[in-house]
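start-v2.txt (compact mmCIF, C-alpha atoms and all ligand atoms)
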# COMPACT_ATOMS: atom_id res chain seq x y z
CA MET A 1 -12.93 18.74 -9.50
CA SER A 2 -9.29 17.93 -10.18
CA ARG A 3 -7.71 15.59 -12.67
CA ILE A 4 -5.25 13.24 -10.98
CA LEU A 5 -2.74 11.03 -12.77
CA VAL A 6 -2.51 7.86 -10.68
CA ALA A 7 0.75 6.01 -11.37
CA GLY A 8 0.20 2.40 -10.34
CA GLY A 9 -3.56 2.95 -10.29
CA ALA A 10 -4.26 -0.65 -11.32
CA GLY A 11 -2.74 -2.07 -8.12
CA TYR A 12 -4.29 -2.75 -4.74
CA ALA A 13 -3.85 0.63 -3.02
CA GLY A 14 -3.91 2.63 -6.28
CA SER A 15 -7.22 1.20 -7.51
CA HIS A 16 -8.93 1.96 -4.19
CA ALA A 17 -7.55 5.51 -4.35
CA CYS A 18 -9.10 5.85 -7.84
CA LEU A 19 -12.46 4.68 -6.52
CA HIS A 20 -12.43 7.26 -3.74
CA LEU A 21 -11.08 10.05 -5.95
CA ALA A 22 -13.98 9.40 -8.33
CA GLU A 23 -16.49 9.31 -5.45
CA ALA A 24 -15.13 12.66 -4.26
CA GLY A 25 -15.77 14.17 -7.71
CA HIS A 26 -12.21 14.05 -9.06
CA GLU A 27 -11.13 12.41 -12.29
CA PRO A 28 -8.51 9.68 -11.76
CA VAL A 29 -6.50 8.70 -14.83
CA VAL A 30 -4.57 5.46 -14.35
CA PHE A 31 -1.00 5.19 -15.65
CA ASP A 32 0.19 1.60 -15.25
CA ASN A 33 2.37 -0.97 -17.01
CA PHE A 34 0.24 -3.85 -15.67
CA SER A 35 3.30 -5.74 -14.45
CA THR A 36 1.56 -6.36 -11.12
CA GLY A 37 -1.67 -4.38 -11.59
CA TRP A 38 -4.93 -5.60 -13.09
CA ARG A 39 -6.87 -4.22 -16.04
CA GLU A 40 -10.06 -5.32 -14.26
CA ALA A 41 -9.20 -2.94 -11.42
CA VAL A 42 -9.41 0.13 -13.68
CA GLN A 43 -13.09 0.99 -13.29
CA PHE A 44 -13.25 4.58 -12.14
CA GLY A 45 -11.71 6.59 -14.97
CA PRO A 46 -9.59 6.32 -18.11
CA MET A 47 -6.37 4.39 -18.32
CA ILE A 48 -3.08 4.88 -20.12
CA GLU A 49 -0.75 1.93 -20.49
CA GLY A 50 2.82 3.04 -19.97
CA ASP A 51 5.97 2.48 -17.99
CA LEU A 52 7.81 4.76 -15.57
CA ALA A 53 11.00 3.42 -17.14
CA ASN A 54 10.10 5.18 -20.43
CA PRO A 55 10.24 8.99 -20.30
CA GLU A 56 8.42 9.06 -23.68
CA ASP A 57 5.45 7.18 -22.18
CA LEU A 58 5.35 9.69 -19.36
CA ALA A 59 5.67 12.74 -21.61
CA ALA A 60 2.81 11.48 -23.79
CA ALA A 61 0.62 10.72 -20.78
CA PHE A 62 1.17 14.12 -19.14
CA ALA A 63 0.57 15.91 -22.46
CA GLN A 64 -2.70 14.03 -22.93
CA VAL A 65 -4.00 14.25 -19.36
CA ARG A 66 -2.66 17.63 -18.16
CA PRO A 67 -3.20 16.59 -14.54
CA ASP A 68 -3.57 18.95 -11.60
CA GLY A 69 -1.93 16.41 -9.32
CA VAL A 70 -0.12 13.07 -9.29
CA MET A 71 -0.54 10.12 -6.95
CA HIS A 72 2.41 7.76 -7.14
CA PHE A 73 1.75 4.13 -6.15
CA ALA A 74 3.85 2.42 -8.85
CA ALA A 75 6.60 0.38 -7.23
CA ARG A 76 8.04 -3.01 -6.54
CA SER A 77 7.11 -3.82 -2.98
CA LEU A 78 8.27 -7.24 -1.82
CA VAL A 79 10.93 -7.18 0.88
CA ALA A 80 12.33 -10.66 0.19
CA GLU A 81 12.54 -10.01 -3.55
CA SER A 82 14.34 -6.73 -2.89
CA MET A 83 17.04 -8.60 -0.97
CA GLU A 84 17.58 -10.81 -4.02
CA MET A 85 17.58 -8.09 -6.67
CA PRO A 86 18.39 -4.70 -5.12
CA GLU A 87 19.36 -3.11 -8.42
CA VAL A 88 15.92 -3.94 -9.85
CA TYR A 89 14.30 -2.25 -6.84
CA TRP A 90 16.46 0.87 -7.15
CA ARG A 91 15.76 1.13 -10.87
CA ALA A 92 12.00 0.68 -10.49
CA ASN A 93 11.44 2.65 -7.30
CA VAL A 94 14.05 5.41 -7.61
CA THR A 95 14.78 5.84 -11.33
CA GLY A 96 11.08 5.35 -12.06
CA THR A 97 10.22 8.05 -9.52
CA LEU A 98 12.84 10.39 -11.00
CA ASN A 99 11.35 9.95 -14.49
CA LEU A 100 7.88 10.60 -13.10
CA MET A 101 9.01 13.76 -11.30
CA GLU A 102 10.81 15.13 -14.37
CA ALA A 103 7.63 14.67 -16.39
CA ALA A 104 5.54 16.22 -13.60
CA VAL A 105 7.80 19.30 -13.49
CA LYS A 106 7.62 19.77 -17.27
CA ALA A 107 3.83 19.47 -17.14
CA GLY A 108 3.50 22.04 -14.36
CA VAL A 109 1.77 19.69 -11.93
CA GLY A 110 0.64 21.34 -8.68
CA ALA A 111 0.82 18.49 -6.19
CA VAL A 112 2.32 15.03 -5.68
CA VAL A 113 1.24 12.38 -3.17
CA PHE A 114 3.71 9.52 -2.74
CA SER A 115 3.17 6.01 -1.32
CA SER A 116 6.06 5.30 0.97
CA SER A 117 6.34 2.58 3.56
CA ALA A 118 7.00 1.83 7.21
CA ALA A 119 9.91 -0.13 5.78
CA VAL A 120 11.85 3.18 5.86
CA TYR A 121 12.07 2.84 9.66
CA GLY A 122 13.69 -0.63 9.61
CA GLU A 123 14.12 -2.62 12.85
CA THR A 124 12.97 -0.67 15.86
CA SER A 125 12.20 -1.40 19.49
CA LEU A 126 9.73 1.49 19.72
CA ALA A 127 6.28 0.41 20.91
CA LEU A 128 4.70 2.95 18.57
CA ILE A 129 6.50 4.32 15.53
CA GLY A 130 6.03 8.03 14.92
CA GLU A 131 7.28 10.07 11.97
CA ASP A 132 10.28 11.27 14.00
CA ALA A 133 11.58 7.73 14.60
CA PRO A 134 15.02 7.10 13.06
CA VAL A 135 14.86 6.05 9.41
CA VAL A 136 17.24 3.09 9.07
CA PRO A 137 15.85 0.78 6.40
CA SER A 138 16.89 -2.85 6.75
CA ASN A 139 16.33 -3.94 3.15
CA PRO A 140 16.60 -2.49 -0.39
CA TYR A 141 12.83 -2.04 -0.61
CA GLY A 142 12.93 0.31 2.37
CA SER A 143 16.05 2.14 1.18
CA SER A 144 14.60 2.64 -2.28
CA LYS A 145 11.42 4.12 -0.76
CA LEU A 146 13.45 6.42 1.50
CA ALA A 147 15.54 7.62 -1.46
CA ALA A 148 12.41 8.22 -3.54
CA GLU A 149 10.93 10.29 -0.69
CA ALA A 150 14.04 12.49 -0.63
CA LEU A 151 14.11 12.97 -4.37
CA ILE A 152 10.43 13.90 -4.49
CA ARG A 153 10.87 16.46 -1.67
CA ASP A 154 13.93 18.00 -3.34
CA VAL A 155 12.26 18.34 -6.75
CA CYS A 156 9.00 19.62 -5.26
CA ARG A 157 10.81 22.24 -3.17
CA ARG A 158 12.73 23.53 -6.22
CA TYR A 159 9.69 23.82 -8.49
CA GLY A 160 7.05 24.85 -5.97
CA ILE A 161 5.09 21.61 -6.17
CA ALA A 162 3.06 20.71 -3.07
CA CYS A 163 4.29 17.39 -1.68
CA GLY A 164 2.71 14.72 0.52
CA VAL A 165 4.35 11.48 1.64
CA PHE A 166 2.42 8.64 3.27
CA ARG A 167 4.29 5.85 5.03
CA TYR A 168 2.05 2.80 5.05
CA PHE A 169 2.03 0.09 7.64
CA ASN A 170 0.02 -3.02 6.59
CA ILE A 171 -3.02 -2.57 4.40
CA ALA A 172 -5.97 -4.98 4.47
CA GLY A 173 -9.56 -5.45 3.35
CA ALA A 174 -11.30 -4.56 0.11
CA ASP A 175 -13.98 -2.29 -1.28
CA GLU A 176 -17.12 -3.20 0.70
CA GLN A 177 -19.03 -3.72 -2.56
CA ALA A 178 -16.24 -6.08 -3.71
CA ARG A 179 -15.72 -4.20 -6.98
CA ILE A 180 -11.99 -4.29 -6.33
CA GLY A 181 -9.77 -5.94 -3.74
CA GLU A 182 -6.37 -7.37 -2.97
CA TRP A 183 -5.01 -9.67 -5.64
CA HIS A 184 -1.30 -10.33 -5.98
CA ARG A 185 0.42 -12.93 -8.06
CA PRO A 186 2.15 -14.59 -6.33
CA GLU A 187 0.35 -13.82 -3.08
CA THR A 188 2.69 -13.38 -0.12
CA HIS A 189 0.56 -11.33 2.30
CA LEU A 190 -0.88 -12.84 5.43
CA ILE A 191 -4.58 -11.93 5.27
CA PRO A 192 -5.29 -12.93 1.65
CA LEU A 193 -3.38 -16.17 2.21
CA VAL A 194 -5.35 -17.06 5.35
CA VAL A 195 -8.59 -16.20 3.55
CA GLN A 196 -7.58 -18.53 0.71
CA VAL A 197 -7.04 -21.32 3.25
CA ALA A 198 -10.53 -20.69 4.68
CA LEU A 199 -11.90 -20.86 1.13
CA GLY A 200 -10.24 -24.23 0.60
CA GLN A 201 -7.90 -22.88 -2.09
CA ARG A 202 -4.85 -23.65 0.04
CA GLN A 203 -4.30 -26.48 2.49
CA GLU A 204 -2.78 -24.55 5.38
CA ILE A 205 -1.22 -21.31 6.49
CA CYS A 206 2.45 -21.32 7.45
CA VAL A 207 3.20 -19.27 10.55
CA TYR A 208 6.62 -17.74 10.09
CA GLY A 209 8.03 -18.01 13.58
CA ALA A 210 6.48 -18.25 17.06
CA ASP A 211 9.62 -17.36 19.00
CA TYR A 212 9.45 -13.57 18.68
CA PRO A 213 9.43 -11.39 21.82
CA THR A 214 5.68 -10.73 21.49
CA PRO A 215 2.78 -11.90 23.71
CA ASP A 216 2.05 -15.06 21.67
CA GLY A 217 5.46 -15.32 19.99
CA THR A 218 4.24 -14.40 16.50
CA CYS A 219 4.91 -11.12 14.69
CA VAL A 220 2.68 -8.12 15.38
CA ARG A 221 1.56 -5.76 12.60
CA ASP A 222 -0.68 -2.70 12.30
CA TYR A 223 -3.47 -3.27 9.77
CA LEU A 224 -5.32 -0.36 8.14
CA HIS A 225 -8.41 -0.85 5.97
CA VAL A 226 -7.63 0.01 2.35
CA THR A 227 -10.75 2.21 2.24
CA ASP A 228 -9.40 4.31 5.12
CA LEU A 229 -6.04 4.51 3.36
CA ALA A 230 -7.69 5.64 0.12
CA GLN A 231 -9.74 8.28 1.91
CA ALA A 232 -6.60 9.65 3.57
CA HIS A 233 -5.09 10.01 0.09
CA VAL A 234 -8.04 11.97 -1.24
CA ILE A 235 -8.01 14.30 1.80
CA GLY A 236 -4.24 14.66 1.46
CA MET A 237 -4.43 15.57 -2.23
CA ASP A 238 -7.24 18.07 -1.63
CA ARG A 239 -5.17 19.64 1.14
CA LEU A 240 -2.10 19.98 -1.08
CA LEU A 241 -4.06 21.42 -3.99
CA ALA A 242 -5.63 23.94 -1.60
CA GLY A 243 -2.13 25.12 -0.63
CA LYS A 244 -2.39 24.00 2.99
CA GLY A 245 1.17 22.71 3.26
CA ASP A 246 3.38 19.70 2.66
CA PHE A 247 3.33 16.62 4.89
CA THR A 248 5.03 13.33 5.71
CA LEU A 249 2.62 11.11 7.62
CA ASN A 250 2.35 7.54 8.86
CA LEU A 251 -0.83 5.71 7.91
CA GLY A 252 -1.92 2.95 10.26
CA SER A 253 -4.58 2.17 12.82
CA GLY A 254 -2.31 2.39 15.87
CA ARG A 255 -3.31 -1.12 16.96
CA GLY A 256 -1.16 -4.23 16.64
CA TRP A 257 -2.41 -7.74 15.79
CA SER A 258 -0.30 -10.89 15.94
CA VAL A 259 -0.20 -13.49 13.17
CA ARG A 260 -2.12 -15.89 15.46
CA GLU A 261 -4.76 -13.25 16.20
CA VAL A 262 -5.22 -12.66 12.48
CA ILE A 263 -5.68 -16.39 11.85
CA ASP A 264 -8.18 -16.66 14.74
CA HIS A 265 -10.15 -13.71 13.37
CA VAL A 266 -10.37 -15.39 9.97
CA ARG A 267 -11.72 -18.55 11.63
CA GLN A 268 -14.34 -16.52 13.51
CA VAL A 269 -15.40 -14.29 10.61
CA THR A 270 -15.62 -17.07 8.02
CA GLY A 271 -16.71 -19.98 10.23
CA HIS A 272 -14.29 -22.16 8.26
CA PRO A 273 -11.38 -24.19 9.57
CA VAL A 274 -7.89 -22.80 8.98
CA PRO A 275 -5.17 -25.42 9.46
CA GLU A 276 -1.83 -23.88 10.37
CA ARG A 277 1.74 -25.11 10.34
CA LEU A 278 4.62 -23.58 12.26
CA ASN A 279 7.60 -22.66 10.07
CA GLY A 280 10.87 -20.93 10.82
CA ARG A 281 11.10 -17.14 10.75
CA ARG A 282 10.94 -15.37 7.39
CA ALA A 283 14.13 -13.40 6.76
CA GLY A 284 13.82 -9.68 7.38
CA ASP A 285 10.60 -9.74 9.44
CA PRO A 286 10.72 -7.33 12.42
CA ALA A 287 8.91 -8.63 15.53
CA ARG A 288 6.56 -5.70 15.86
CA LEU A 289 5.57 -2.75 13.67
CA VAL A 290 2.82 -0.54 15.06
CA CYS A 291 2.11 2.98 13.94
CA ASP A 292 1.73 6.13 15.97
CA GLY A 293 -0.90 7.61 13.70
CA ALA A 294 -1.74 10.68 15.76
CA ARG A 295 -0.10 13.15 13.40
CA ALA A 296 -2.04 11.94 10.35
CA CYS A 297 -5.32 12.17 12.27
CA GLY A 298 -4.54 15.74 13.30
CA VAL A 299 -3.13 17.06 10.02
CA LEU A 300 -5.77 15.45 7.81
CA ASP A 301 -8.65 15.71 10.27
CA TRP A 302 -9.19 12.05 9.47
CA GLN A 303 -9.87 8.91 11.49
CA PRO A 304 -9.88 5.31 10.30
CA GLN A 305 -13.55 4.34 9.97
CA HIS A 306 -13.01 0.59 9.63
CA ALA A 307 -10.39 -0.01 12.29
CA GLU A 308 -11.71 -3.39 13.50
CA LEU A 309 -9.69 -6.31 12.18
CA ALA A 310 -12.91 -8.36 11.82
CA ARG A 311 -14.25 -5.74 9.40
CA MET A 312 -11.12 -5.86 7.27
CA ILE A 313 -11.25 -9.64 7.16
CA ALA A 314 -14.99 -9.67 6.40
CA ASP A 315 -14.38 -7.41 3.39
CA ALA A 316 -11.37 -9.47 2.25
CA TRP A 317 -13.53 -12.61 2.60
CA ARG A 318 -16.40 -11.13 0.58
CA TRP A 319 -14.00 -10.08 -2.15
CA ALA A 320 -12.27 -13.46 -2.27
CA GLN A 321 -15.59 -15.31 -2.47
CA THR A 322 -17.33 -13.22 -5.05
CA SER A 323 -14.60 -11.87 -7.19
CA GLY A 324 -10.85 -11.88 -7.70
CA PHE A 325 -9.28 -10.88 -10.99
CA SER A 326 -8.33 -13.41 -13.66
CA ARG A 327 -8.54 -16.51 -11.53
N1 LIG B 1 3.19 -14.21 7.62
C1 LIG B 1 3.07 -15.54 8.00
N2 LIG B 1 2.71 -16.43 7.03
C2 LIG B 1 2.50 -16.10 5.73
C3 LIG B 1 2.63 -14.74 5.36
C4 LIG B 1 2.98 -13.82 6.34
O1 LIG B 1 3.27 -15.90 9.15
O2 LIG B 1 2.20 -16.98 4.93
C5 LIG B 1 3.56 -13.23 8.64
C6 LIG B 1 4.83 -12.47 8.31
O3 LIG B 1 5.94 -13.17 8.78
C7 LIG B 1 4.59 -11.13 9.02
C8 LIG B 1 3.08 -10.97 8.99
O4 LIG B 1 2.55 -12.25 8.67
O5 LIG B 1 5.00 -11.24 10.35
C9 LIG B 1 2.60 -10.00 7.92
O6 LIG B 1 3.22 -10.36 6.69
P1 LIG B 1 2.82 -9.70 5.28
O7 LIG B 1 3.65 -10.37 4.25
O8 LIG B 1 1.33 -9.74 5.14
O9 LIG B 1 3.22 -8.19 5.45
P2 LIG B 1 4.63 -7.55 5.89
O10 LIG B 1 4.42 -7.01 7.27
O11 LIG B 1 5.77 -8.46 5.69
O12 LIG B 1 4.83 -6.44 4.76
C10 LIG B 1 4.20 -5.21 4.80
C11 LIG B 1 4.06 -4.69 3.37
C12 LIG B 1 5.44 -4.41 2.80
C13 LIG B 1 6.20 -3.51 3.75
C14 LIG B 1 6.28 -4.12 5.11
C15 LIG B 1 7.02 -3.28 6.10
O13 LIG B 1 3.41 -5.64 2.57
O14 LIG B 1 5.30 -3.79 1.56
O15 LIG B 1 4.95 -4.34 5.58
O16 LIG B 1 6.38 -2.10 6.27
F1 LIG B 1 7.46 -3.35 3.31

Once more with this new file: its structure as structure tokens, please.
Ligand code: UFG
Amino acid sequence: MSRILVAGGAGYAGSHACLHLAEAGHEPVVFDNFSTGWREAVQFGPMIEGDLANPEDLAAAFAQVRPDGVMHFAARSLVAESMEMPEVYWRANVTGTLNLMEAAVKAGVGAVVFSSSAAVYGETSLALIGEDAPVVPSNPYGSSKLAAEALIRDVCRRYGIACGVFRYFNIAGADEQARIGEWHRPETHLIPLVVQVALGQRQEICVYGADYPTPDGTCVRDYLHVTDLAQAHVIGMDRLLAGKGDFTLNLGSGRGWSVREVIDHVRQVTGHPVPERLNGRRAGDPARLVCDGARACGVLDWQPQHAELARMIADAWRWAQTSGFSR
């Protein structure tokens, strides 16, 4: 059993990682400032309220927890917002990461797993995006993630800390028991918004552009079930702690779904009507982002177990119906 400090462990991806760390016999300790995370999501271990912006908070947390490893999910992650306030994104995602790494070094942590993003690749015409694709971020969110990756690798190399970087494509779904799920405020992501329309909580879903060079004209994305993502993190951390080598890996399902296909799946899974309205394109949206996930499968000896879009939507639907934090 290992003790893992989970920065951002009250958020969507971080809380599912805590669940699966706990199920694997590890002890996750959440470190979160609850700016976008949820206290209700901290169910699988202790929690420390603190901010990556405050080195004193970090020093106190590391002294108390003495973790074997760190998982780092804490970040600002909205592309449009990052275009409006780049300095806020650099401070949160880069300075915050630097503070975390300095504390991790002082505490003698053995391994760090970092949540990066497909946003590091920027606009690309590649049908499948592998880890060797050029990294040319097209917004401050992506550049801040790329910079944080570099700083983590540099610090880890110097101090002999094992280092794993995961570049996420789109994450979807929820814990199948609906203990935790996706809950952002405000919500900007496609699947939870469409599910809210099916639930009658919103009137319609806006489709941001149907004039993209894709089969039905709407954007194509690669959706990975959050449970598969969390399990990849646990395997990755175990691998690092066992001294089996550093990694930088894409996490996705390798299958692309258009916005219209997602909406149709929600209609089929829920049996509810989903009115849609065609809007103009949303700034900064690439036409197609689909992951070449072969390297992650090989390195981790892992396969997504819930790769069907209908399964992700069914779990998101169950979560939205039965739960949801602080409605
Ligand atoms: N979309 C709509 N209507 C909506 C919301 C979204 O048509 O109301 C479309 C978007 O235009 C996009 C697709 O649905 O084409 C998916 O949008 P999301 O907002 O759900 O997700 P993104 O692909 O924009 O963002 C995700 C992550 C980001 C990450 C980005 C790039 O949430 O953190 O992928 O990797 F930066």

Quick one: contact table of chain A to ligand LIG 1 (chain B), 6 Å max, nearest atom pair and distance in Å to one decimal per residue, counting only C-alpha atoms and all ligand atoms, chain and number order, as CSV?
residue,atom,partner,partner_atom,distance
A:Ser77,CA,B:LIG1,O14,4.9
A:Leu78,CA,B:LIG1,O14,5.7
A:Val79,CA,B:LIG1,F1,5.7
A:Ser117,CA,B:LIG1,O16,5.4
A:Ala118,CA,B:LIG1,O16,4.1
A:Ala119,CA,B:LIG1,O16,4.1
A:Phe169,CA,B:LIG1,O16,5.1
A:Asn170,CA,B:LIG1,C10,5.0
A:Thr188,CA,B:LIG1,O7,5.4
A:His189,CA,B:LIG1,O8,3.3
A:Leu190,CA,B:LIG1,O8,3.8
A:Ile205,CA,B:LIG1,O2,5.7
A:Cys206,CA,B:LIG1,N2,4.9
A:Val207,CA,B:LIG1,O1,3.6
A:Tyr208,CA,B:LIG1,O1,3.9
A:Cys219,CA,B:LIG1,O5,4.3
A:Val259,CA,B:LIG1,O4,5.4
A:Arg282,CA,B:LIG1,O3,5.6
A:Asp285,CA,B:LIG1,O3,5.8

(message) Set the distance at 8 Å and use all atoms listed in the file: which residues neighbour Trp319 (chain A) once local chain neighbours fewer than 3 positions away are removed? I'd like the list as number ranges by chain.
(response) A: 174-175, 178-181, 315-316, 322-324

Convert the current residue selection to file output with C-alpha atoms, as a short mmCIF file (atom, residue, chain, number, x, y, z; two decimals), keeping the file's coordinate frame.
data_model
loop_
_atom_site.label_atom_id
_atom_site.label_comp_id
_atom_site.auth_asym_id
_atom_site.auth_seq_id
_atom_site.Cartn_x
_atom_site.Cartn_y
_atom_site.Cartn_z
CA ALA A 174 -11.30 -4.56 0.11
CA ASP A 175 -13.98 -2.29 -1.28
CA ALA A 178 -16.24 -6.08 -3.71
CA ARG A 179 -15.72 -4.20 -6.98
CA ILE A 180 -11.99 -4.29 -6.33
CA GLY A 181 -9.77 -5.94 -3.74
CA ASP A 315 -14.38 -7.41 3.39
CA ALA A 316 -11.37 -9.47 2.25
CA THR A 322 -17.33 -13.22 -5.05
CA SER A 323 -14.60 -11.87 -7.19
CA GLY A 324 -10.85 -11.88 -7.70
#

Around region 127-131 of chain A, with edges along x, y and z and 4 Å added on all six sides, what centre and edge lengths do you get, in Å to one decimal, as lines of an AutoDock Vina configuration file?
center_x = 6.0
center_y = 5.2
center_z = 16.4
size_x = 10.6
size_y = 17.7
size_z = 16.9

(request) Tell me which of A:Met85, A:Ala60, A:Cys291, A:Ala198 sits closest to Ile263 (chain A), counting all atoms listed in the file. (result)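 For Ile263 (chain A), the nearest of the given residues is A:Ala198.
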
(request) Between A:Met83, A:Trp183, A:Ala172, A:Leu100, single out the one closest to Ser138 (chain A), counting all atoms listed in the file. (result)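 Distance minimum relative to Ser138 (chain A) lands on A:Met83.
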
(message) I'd like the contact shell of Ser15 (chain A) - 7 Å cut-off, all atoms listed in the file, skipping same-chain residues fewer than 4 positions apart - returned as a list of chain:residue names.
(response) A:Gly9, A:Ala10, A:Gly11, A:Leu19, A:Ala41, A:Val42

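Picture a line from CA of Val29 (chain A) to CA of Ser116 (chain A); it runs 20.5 Å.
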
(request) Kindly give the distance, in Å, that separates CA of Ala127 (chain A) and CA of Asp211 (chain A), rounded to a single decimal. (result)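 Answer for the CA of Ala127 (chain A) to CA of Asp211 (chain A) separation: 18.2 Å.
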
(message) Can you pull out the residues contacting Gly160 (chain A)? Cut-off 10 Å, using all atoms listed in the file, and skip same-chain residues under 2 positions away; I want them as JSON, numbers by chain.
(response) {"A": [105, 108, 109, 110, 111, 155, 156, 157, 158, 162, 163]}

Could you turn the residues from that selection into a file that holds C-alpha atoms, as a compact mmCIF listing (two decimals), in the frame of the given file?
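The resulting again.txt:
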# COMPACT_ATOMS: atom_id res chain seq x y z
CA VAL A 105 7.80 19.30 -13.49
CA GLY A 108 3.50 22.04 -14.36
CA VAL A 109 1.77 19.69 -11.93
CA GLY A 110 0.64 21.34 -8.68
CA ALA A 111 0.82 18.49 -6.19
CA VAL A 155 12.26 18.34 -6.75
CA CYS A 156 9.00 19.62 -5.26
CA ARG A 157 10.81 22.24 -3.17
CA ARG A 158 12.73 23.53 -6.22
CA ALA A 162 3.06 20.71 -3.07
CA CYS A 163 4.29 17.39 -1.68

(message) When you count only C-alpha atoms, which of these residues is closest to Thr124 (chain A): A:Val136, A:Glu81, A:Leu151, A:Ala230?
(response)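 Counting only C-alpha atoms, the residue closest to Thr124 (chain A) is A:Val136.
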
(message) Between CA of Arg267 (chain A) and CA of Arg318 (chain A), what distance in Å does the model show, to one decimal?
(response) 14.1 Å

(request) Would you list the contacts of Arg281 (chain A) as a list in words, taking every protein, DNA or RNA residue within 7 Å and counting only C-alpha atoms, but skipping same-chain residues closer than 2 positions in sequence? (result)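 The residues satisfying every condition are Tyr208, Gly209, Asn279 and Ala283 of chain A.
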
(message) Using all atoms listed in the file, which protein or nucleic acid residues come within 10 Å of Leu240 (chain A)? Drop anything in the same chain fewer than 3 positions from it, and give the result as a list in words.
(response)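 Result of the neighbour search: Gly69, Gly110, Ala111, Val112, Val113, Ile161, Ala162, Cys163, Gly164, Val234, Ile235, Gly236, Met237, Gly243, Lys244, Gly245, Asp246 and Phe247 of chain A.
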
(request) Check the smallest atom-to-atom distance from each of A:His225, A:Arg255, A:His72, A:His233 to His306 (chain A) using all atoms listed in the file, then report the winner. (result)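 Nearest candidate to His306 (chain A) out of A:His225, A:Arg255, A:His72, A:His233: A:His225.
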
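Considering only C-alpha atoms, the residue among A:Val197, A:Val120, A:Ile4, A:Val220 positioned nearest to Gly25 (chain A) is A:Ile4.
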
Quick one: region 25-29 of chain A with all heavy atoms, as an mmCIF file, in the coordinates of the input?
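Wrote part-v8.cif, looks like this:
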data_model
loop_
_atom_site.group_PDB
_atom_site.id
_atom_site.type_symbol
_atom_site.label_atom_id
_atom_site.label_comp_id
_atom_site.auth_asym_id
_atom_site.auth_seq_id
_atom_site.Cartn_x
_atom_site.Cartn_y
_atom_site.Cartn_z
ATOM 1 N N GLY A 25 -15.529 13.232 -6.612
ATOM 2 C CA GLY A 25 -15.770 14.170 -7.710
ATOM 3 C C GLY A 25 -14.540 14.490 -8.538
ATOM 4 O O GLY A 25 -14.601 15.339 -9.430
ATOM 5 N N HIS A 26 -13.423 13.837 -8.268
ATOM 6 C CA HIS A 26 -12.210 14.050 -9.060
ATOM 7 C C HIS A 26 -12.185 13.075 -10.235
ATOM 8 O O HIS A 26 -12.938 12.105 -10.270
ATOM 9 C CB HIS A 26 -10.969 13.840 -8.199
ATOM 10 C CG HIS A 26 -10.870 14.798 -7.052
ATOM 11 N ND1 HIS A 26 -10.988 16.155 -7.205
ATOM 12 C CD2 HIS A 26 -10.672 14.590 -5.725
ATOM 13 C CE1 HIS A 26 -10.862 16.746 -6.022
ATOM 14 N NE2 HIS A 26 -10.682 15.813 -5.102
ATOM 15 N N GLU A 27 -11.265 13.335 -11.169
ATOM 16 C CA GLU A 27 -11.130 12.410 -12.290
ATOM 17 C C GLU A 27 -9.772 11.694 -12.202
ATOM 18 O O GLU A 27 -8.730 12.293 -12.482
ATOM 19 C CB GLU A 27 -11.217 13.140 -13.636
ATOM 20 C CG GLU A 27 -11.199 12.138 -14.780
ATOM 21 C CD GLU A 27 -11.151 12.793 -16.158
ATOM 22 O OE1 GLU A 27 -11.173 14.033 -16.246
ATOM 23 O OE2 GLU A 27 -11.071 12.035 -17.130
ATOM 24 N N PRO A 28 -9.781 10.420 -11.796
ATOM 25 C CA PRO A 28 -8.510 9.680 -11.760
ATOM 26 C C PRO A 28 -8.193 9.114 -13.133
ATOM 27 O O PRO A 28 -9.058 8.518 -13.780
ATOM 28 C CB PRO A 28 -8.795 8.546 -10.769
ATOM 29 C CG PRO A 28 -10.269 8.316 -10.845
ATOM 30 C CD PRO A 28 -10.912 9.618 -11.293
ATOM 31 N N VAL A 29 -6.957 9.315 -13.583
ATOM 32 C CA VAL A 29 -6.500 8.700 -14.830
ATOM 33 C C VAL A 29 -5.357 7.759 -14.481
ATOM 34 O O VAL A 29 -4.324 8.189 -13.962
ATOM 35 C CB VAL A 29 -6.022 9.754 -15.849
ATOM 36 C CG1 VAL A 29 -5.601 9.066 -17.146
ATOM 37 C CG2 VAL A 29 -7.109 10.781 -16.119
#
